Every structure is written in C-alpha cells, then in structure tokens.
Amino acid sequence: MTDIHTQPRQPIDEAFAQLLIESQRVAPDHLQALREQSAGSQETLERLLLKEGLMTEEELLQLTARAKGWESVNVDLEPLEKDVLALIPQSVMEVQGAMAFRREGDVIHIALAHPENGPLRRLMRKKFGGQCRFFLASEKALRSAITKHDVQFDQRFAAVLTQAARGMGGKDETPVIVLVDMFLQHALRSGASDIHIEPHIREASVRERVDGLLRVTARMSMEVHARVVLRIKVMANLATDEHAVPQDGKLSTHSEGENVDVRVSIVPTTRGEKIVMRLLVSSEQAIPLESLGLAAPDRDVLRTEMERSWGMMLVTGPTGSGKTTSLYAIMRQLESEQINISTIEDPVEYDLPGANQIQVNEKAGLTFATGLRSIVRQDPNIILVGEIRDRETAGIAINSAMTGHLVLSTLHTNDAPTAIPRLIDMGTEPFLIASTINVIIAQRLVRKICVRCRESVDLDRDGLLRAYPADIIERLPTQGTIRLYQGKGCSLCNGNGYRGRIGIFEILPITDDLRTLILQSGGADVIRKAAHQAGCKTMLDDGIAKALQGVTTIHDVLRVIRS
C-alpha cells in the first residue's frame, strides 16, 4: 500500500499556519505571538490554540490532518467491534497510541495518535501483511476509546484483587497500591468526575460518576476494602488510626503526562468507611462560551453584560451543575493584556493563563473572605470569587462590585430569582443588591442523546399524555404530532442512549423594573413572575427547546430540574 507520507510537501509548521490563517480562526499577528510563546515554553502551538478557545479538538484534528496530508477519524463515533479491537494488543494500544477500528475486506483501518511514527507503521504493515490504512486520531479520543473498550481491565483487576486477597496479614502492599492506581487511572480515562468506594454488608463497590450518573466498575471483599481505605489515607496524609470521624484531604497523581489533583472525603458509615474522590485535572482548560449550550439570544445578553466595567454577575445552581465551567467561559472572553484578573477559588479547577489565581487554604487562614480582601488591594479590574458562602464574603463581594470592579461568583440556589432572597438572608441590604447585580444565570447539566444511535419518535397528543405531565404538554406545540428524539443504545454510549452533557439555562438580566421590585423586598415569586412577563425563559423552557432540537430528552430535563 502506498505511504502517503513519502510524498514531498512544504514544511508542516508553515502548512498548518497557512491553513489556520485561511480558516480565519486566528489573525496573522496573533498566530505569530502564539508561535513565539510556544517556542519559549513547553507548550505546543496546538495546545495554546486549545487553551485560548480558538479551536475545538475536532477542528484542530481535521486541520492538522489537512496540513500533513493525512486522513483523520473521530474514533468516538466509530462502531468499534471487539474482534477488530483485539487485532492490536492492549499494551500496544496504550503505549503507542494505535488502535484498529475498522475492517474493510482485507484492509485494516488503524487510528494513530502520531502517524509520523514510521517504525510503528512498518510494524503494523508487517503484522497485517501490508493491508493497512492509517488515520490521524486525537490522543484524548484514543485514550477514551481504548479505556472504554479495555476488555482486559476486568482480567487485570481480578488478578490484582486475587494478589491483594492472598496478601492478607502480610507486609507486601504492592497489590493494594496497584489496585488504587487502577481505580484512579480507569476513572481518569473514562472521563469520570468522582470515584465512590463504598462498604456494604458482604462486599464493597467502586463506582464512577460519568456524565452525572454513577456506574459500578468493580467490587471487592471487605478485607481488601479496609486495605484500600488505609492506602488512600496514607496517600492523602490523613490519620490512619481514626475511623469514627469524617476526614478531608487531597492527593496528587499523574495521567498521560498531566497532573491530577484529587480531593478525598472519608466518612464513617454503619458498614465501614466510605471514600469519595473528586478528580481535578490541573491542566484542564476552560471551554469557549459557544460550547456551553447557550441559545443565541442568551449569549447576546451575556455579551452585553460582560461589556460592563463594574457590577456583579452571578451563576447559580447545585453542586455539579457546571457553574464554574460557565464562569470560566465568561472569563476567557474577558481576558486581555489591558486588564488585571484575580480569582479566589476552592479548588482552582481550570488554568487561566491571564489571571492571578489564588487557592483557598483555610488551615493557613486563607478563606474566601480574607483572600477577597487581599485581592481588592491588588488593583484588579475583574474579580472571580469561586463561591459566596457566607455573609462576610457576600458583603465584600458586593462592596467590590460597587467600587468599580466587575465581580463574578456562584451561589447555591435552585433558580435565578431565588438568588435575591438568598443574598438578603445572608444580610445583604436590598438596595445594595439592586444597585450592583447585573445578571443572574441559573443552570443545570442534562445528558446529550448519543449522536450515533439517536432516533426520532413521533407522538400525538394521546402519546404525549401517556409520557409526560400535563404542565409539560402545555409548553409543547400540540398541533398534530410532535417529533422528539431518543437514543436506542449502542456500544458508543454503553447502551444507555446518552453520551456527554450540555447546559440548560435561565438568564435573568436585572432591569430597572426588577431593581424596583428588589428595593421593595419583592420575594422570589414576584421577581420570577415579572421576569417571565418580560420574556425571560426558564431552565425548563430551555430544556424543552433542546429536546425538540434532538439534543436531549424531556425525561432527562425533568430528572435534573425536579429531582
């Protein structure tokens, strides 16, 4: 088979740069600055493009392939089959970044993270008798696919588990060390946000939270569970002889060259100690504003509010609803060499190159309130407060917003109007709220229908009545049949019909009319009614609109809003 890489072509960097400029993703002078920055640091040009939100990973993959004359593939969307995957050993897939993903007759299609690796291509041709066709795939997508279809994980886990069980009473902790590392690495490659290690009556389970839902990945005996708890306590510098009170700590690990901070929470239950580990990839980058899932009119409202030089922007929602991600998408839009951005966070979840980021350290006396006091003395233009938790922080944040700073923060409330009485309950005067808050954003995360197995379903009114509550049907266009969508389940989504998540939003700009209501100490219901009369959509409305577009399902919208 002809090797497309043997043909002469212009230098790769210049070809890539030219395509970047032609795509109008980046101006020539900005591109030159990025190349100079890359040359003087450990960051590649591609990584910088992703950091600044100039391209998505898929767009970068396609542009790189065009520049180098390669074919590309998104392995996430390929219907992977076990017999084809098994053509390349798991160890080779993981170490070399190579995966057989399709067979057409006698030709094997192979996805490579680095197709320029000539020795690897020759090895593949020798193995398959020359019948190979190579494609460029992103390292992230390859890692995800390899992990998800790791048919050997169960066998390796069982082997290590057997070793750990045999070692009971001995001094060799190696199997337990390997076991904990397997939990961490598998969760990271699966894109999990949390790991739950839970004791039950006769055994313990390990669950990963992926796309907001938990799934069991492993089970072990209670004896092995006790040793796993001990190992994690040692890693997180917690008291190993304390079993009766909750403990919180943190540890660090590495995955695919990236540093990962892990927050550890241990609580005693009636059946033993339960551990929850929150995974925070320190090199993770904020996503562009356009990728959050905001409708175009809502994006326009936010862009208008972002142009203000002072005041407050609040993002509300429960834990795990994507508030921090939204804040950083906004911050990325505001980044500039002409302004000073300072943040106080717990923890720092994203790297924002143009900001001065401060990590809360309550043991050292660095709280949100004390950190915010110090930030105000640092001549900031924009301040990000990770969360308003108490009266003191709320007071300092409001005062900062009144004195010429744009303040962004989060608050735990169910919807946007409820943020007003919540601040009042914290002791903030209504006139201060009315004069400082510019916009309140409420949000949740819903699961997206799997793009590979999505199918449409036409329902008439009788079908709608059987499927949904009456108040939901009232919000739907009910003339004739309505086309909704669902995922029927496939290998890509593990058979559940969903893959990935997206936000549903409620954007509440504080208009003059609403300021008057706030000054009159109007409750959340009064503010909500006035906002809706002014045309503001609720999260439920936004979710139903996304369901009608085939992005998610009404059932999942109701799950996150009414649960």
# chains A, B, ... in the order shown; residues from 1 in each chain; ligands from 1
call {"tool": "select_by_dssp", "arguments": {"residues": "region 46-178 of chain A", "states": "helix (DSSP H, G or I)", "output": "PyMOL selection string"}}
result
chain A and resi 46-51+57-68+75-77+82-85+90-96+118-127+139-148+153-166+174-178
call {"tool": "residues_around", "arguments": {"residues": "Ile88 (chain A)", "least_positions_apart": "3", "cutoff": "8 Å", "atoms": "only C-alpha atoms", "output": "count of residues only"}}
result
6
call {"tool": "select_by_dssp", "arguments": {"residues": "region 117-365 of chain A", "states": "strand (DSSP E or B)", "output": "count of residues only"}}
result
76
call {"tool": "residues_around", "arguments": {"residues": "Gly322 (chain A)", "least_positions_apart": "3", "cutoff": "9 Å", "atoms": "only C-alpha atoms", "output": "list of chain:residue names"}}
result
A:Gly317, A:Pro318, A:Thr319, A:Thr325, A:Ser326, A:Leu327, A:Gln443, A:Arg444, A:Leu445, A:Gly503
call {"tool": "residues_around", "arguments": {"residues": "Ile177 (chain A)", "least_positions_apart": "4", "cutoff": "9 Å", "atoms": "only C-alpha atoms", "output": "list in words"}}
result
Glu173, Asp181, Met182, Val228 and Arg231 of chain A
call {"tool": "residues_around", "arguments": {"residues": "region 200-215 of chain A", "least_positions_apart": "5", "cutoff": "9 Å", "atoms": "only C-alpha atoms", "output": "MDAnalysis selection string"}}
result
chainID A and resid 183 187 190:195 220:225 271:272 320 445:447 498:501
call {"tool": "atom_distance", "arguments": {"atom1": "CA of Gln520 (chain A)", "atom2": "CA of Phe431 (chain A)"}}
result
9.0 Å
call {"tool": "residues_around", "arguments": {"residues": "Ile358 (chain A)", "least_positions_apart": "5", "cutoff": "10 Å", "atoms": "only C-alpha atoms", "output": "list in words"}}
result
Ser342, Thr343, Ile344, Glu345, Asp346, Pro347, Val348, Leu366, Phe368, Gly371, Leu372, Ile375 and Val385 of chain A
call {"tool": "write_last_selection", "arguments": {"atoms": "N, CA, C and O atoms", "output": "compact mmCIF listing (two decimals), in the first residue's frame"}}
result
# COMPACT_ATOMS: atom_id res chain seq x y z
N SER A 342 -8.11 38.69 38.89
CA SER A 342 -7.69 37.94 40.07
C SER A 342 -8.83 37.04 40.51
O SER A 342 -10.00 37.41 40.43
N THR A 343 -8.49 35.85 40.98
CA THR A 343 -9.51 34.89 41.41
C THR A 343 -9.17 34.33 42.78
O THR A 343 -7.99 34.25 43.16
N ILE A 344 -10.20 33.96 43.54
CA ILE A 344 -10.04 33.22 44.78
C ILE A 344 -10.97 32.02 44.68
O ILE A 344 -12.19 32.19 44.52
N GLU A 345 -10.41 30.80 44.73
CA GLU A 345 -11.19 29.61 44.39
C GLU A 345 -10.89 28.45 45.35
O GLU A 345 -9.83 28.41 45.98
N ASP A 346 -11.80 27.53 45.40
CA ASP A 346 -11.62 26.31 46.20
C ASP A 346 -12.38 25.16 45.57
O ASP A 346 -13.58 24.97 45.80
N PRO A 347 -11.67 24.35 44.74
CA PRO A 347 -10.27 24.48 44.34
C PRO A 347 -10.17 25.26 43.03
O PRO A 347 -11.17 25.63 42.43
N VAL A 348 -8.92 25.47 42.57
CA VAL A 348 -8.69 26.04 41.23
C VAL A 348 -8.89 24.90 40.24
O VAL A 348 -8.08 23.98 40.16
N LEU A 366 -6.43 31.35 54.91
CA LEU A 366 -6.78 31.96 53.63
C LEU A 366 -8.17 31.46 53.22
O LEU A 366 -8.32 30.40 52.63
N PHE A 368 -12.25 32.53 51.60
CA PHE A 368 -12.78 33.38 50.53
C PHE A 368 -12.77 34.85 50.96
O PHE A 368 -12.40 35.73 50.20
N GLY A 371 -9.06 36.18 51.38
CA GLY A 371 -8.46 36.27 50.05
C GLY A 371 -9.04 37.41 49.24
O GLY A 371 -8.33 38.14 48.54
N LEU A 372 -10.36 37.60 49.36
CA LEU A 372 -11.03 38.67 48.61
C LEU A 372 -10.58 40.03 49.10
O LEU A 372 -10.39 40.96 48.30
N ILE A 375 -7.26 40.62 47.46
CA ILE A 375 -7.38 40.85 46.02
C ILE A 375 -7.78 42.29 45.73
O ILE A 375 -7.27 42.91 44.80
N VAL A 385 -14.85 35.20 42.42
CA VAL A 385 -14.96 34.57 43.73
C VAL A 385 -15.63 33.22 43.52
O VAL A 385 -16.77 33.14 43.08
call {"tool": "residues_around", "arguments": {"residues": "Leu48 (chain A)", "least_positions_apart": "6", "cutoff": "12 Å", "atoms": "only C-alpha atoms", "output": "list in words"}}
result
Val26, His30, Leu31, Ala33, Leu34, Arg35, Glu36, Gln37, Ser38, Ala39, Ser41, Gln42, Leu54, Met55, Thr56, Glu57, Leu60, Ser283, Gln285, Asp351, Leu352 and Pro353 of chain A
call {"tool": "closest_residue", "arguments": {"among": "A:Glu71, A:Asp29, A:Asp248, A:Asp425", "to": "Arg263 (chain A)", "atoms": "only C-alpha atoms"}}
result
A:Asp248
call {"tool": "atom_distance", "arguments": {"atom1": "CA of Glu258 (chain A)", "atom2": "CA of Glu349 (chain A)"}}
result
13.7 Å
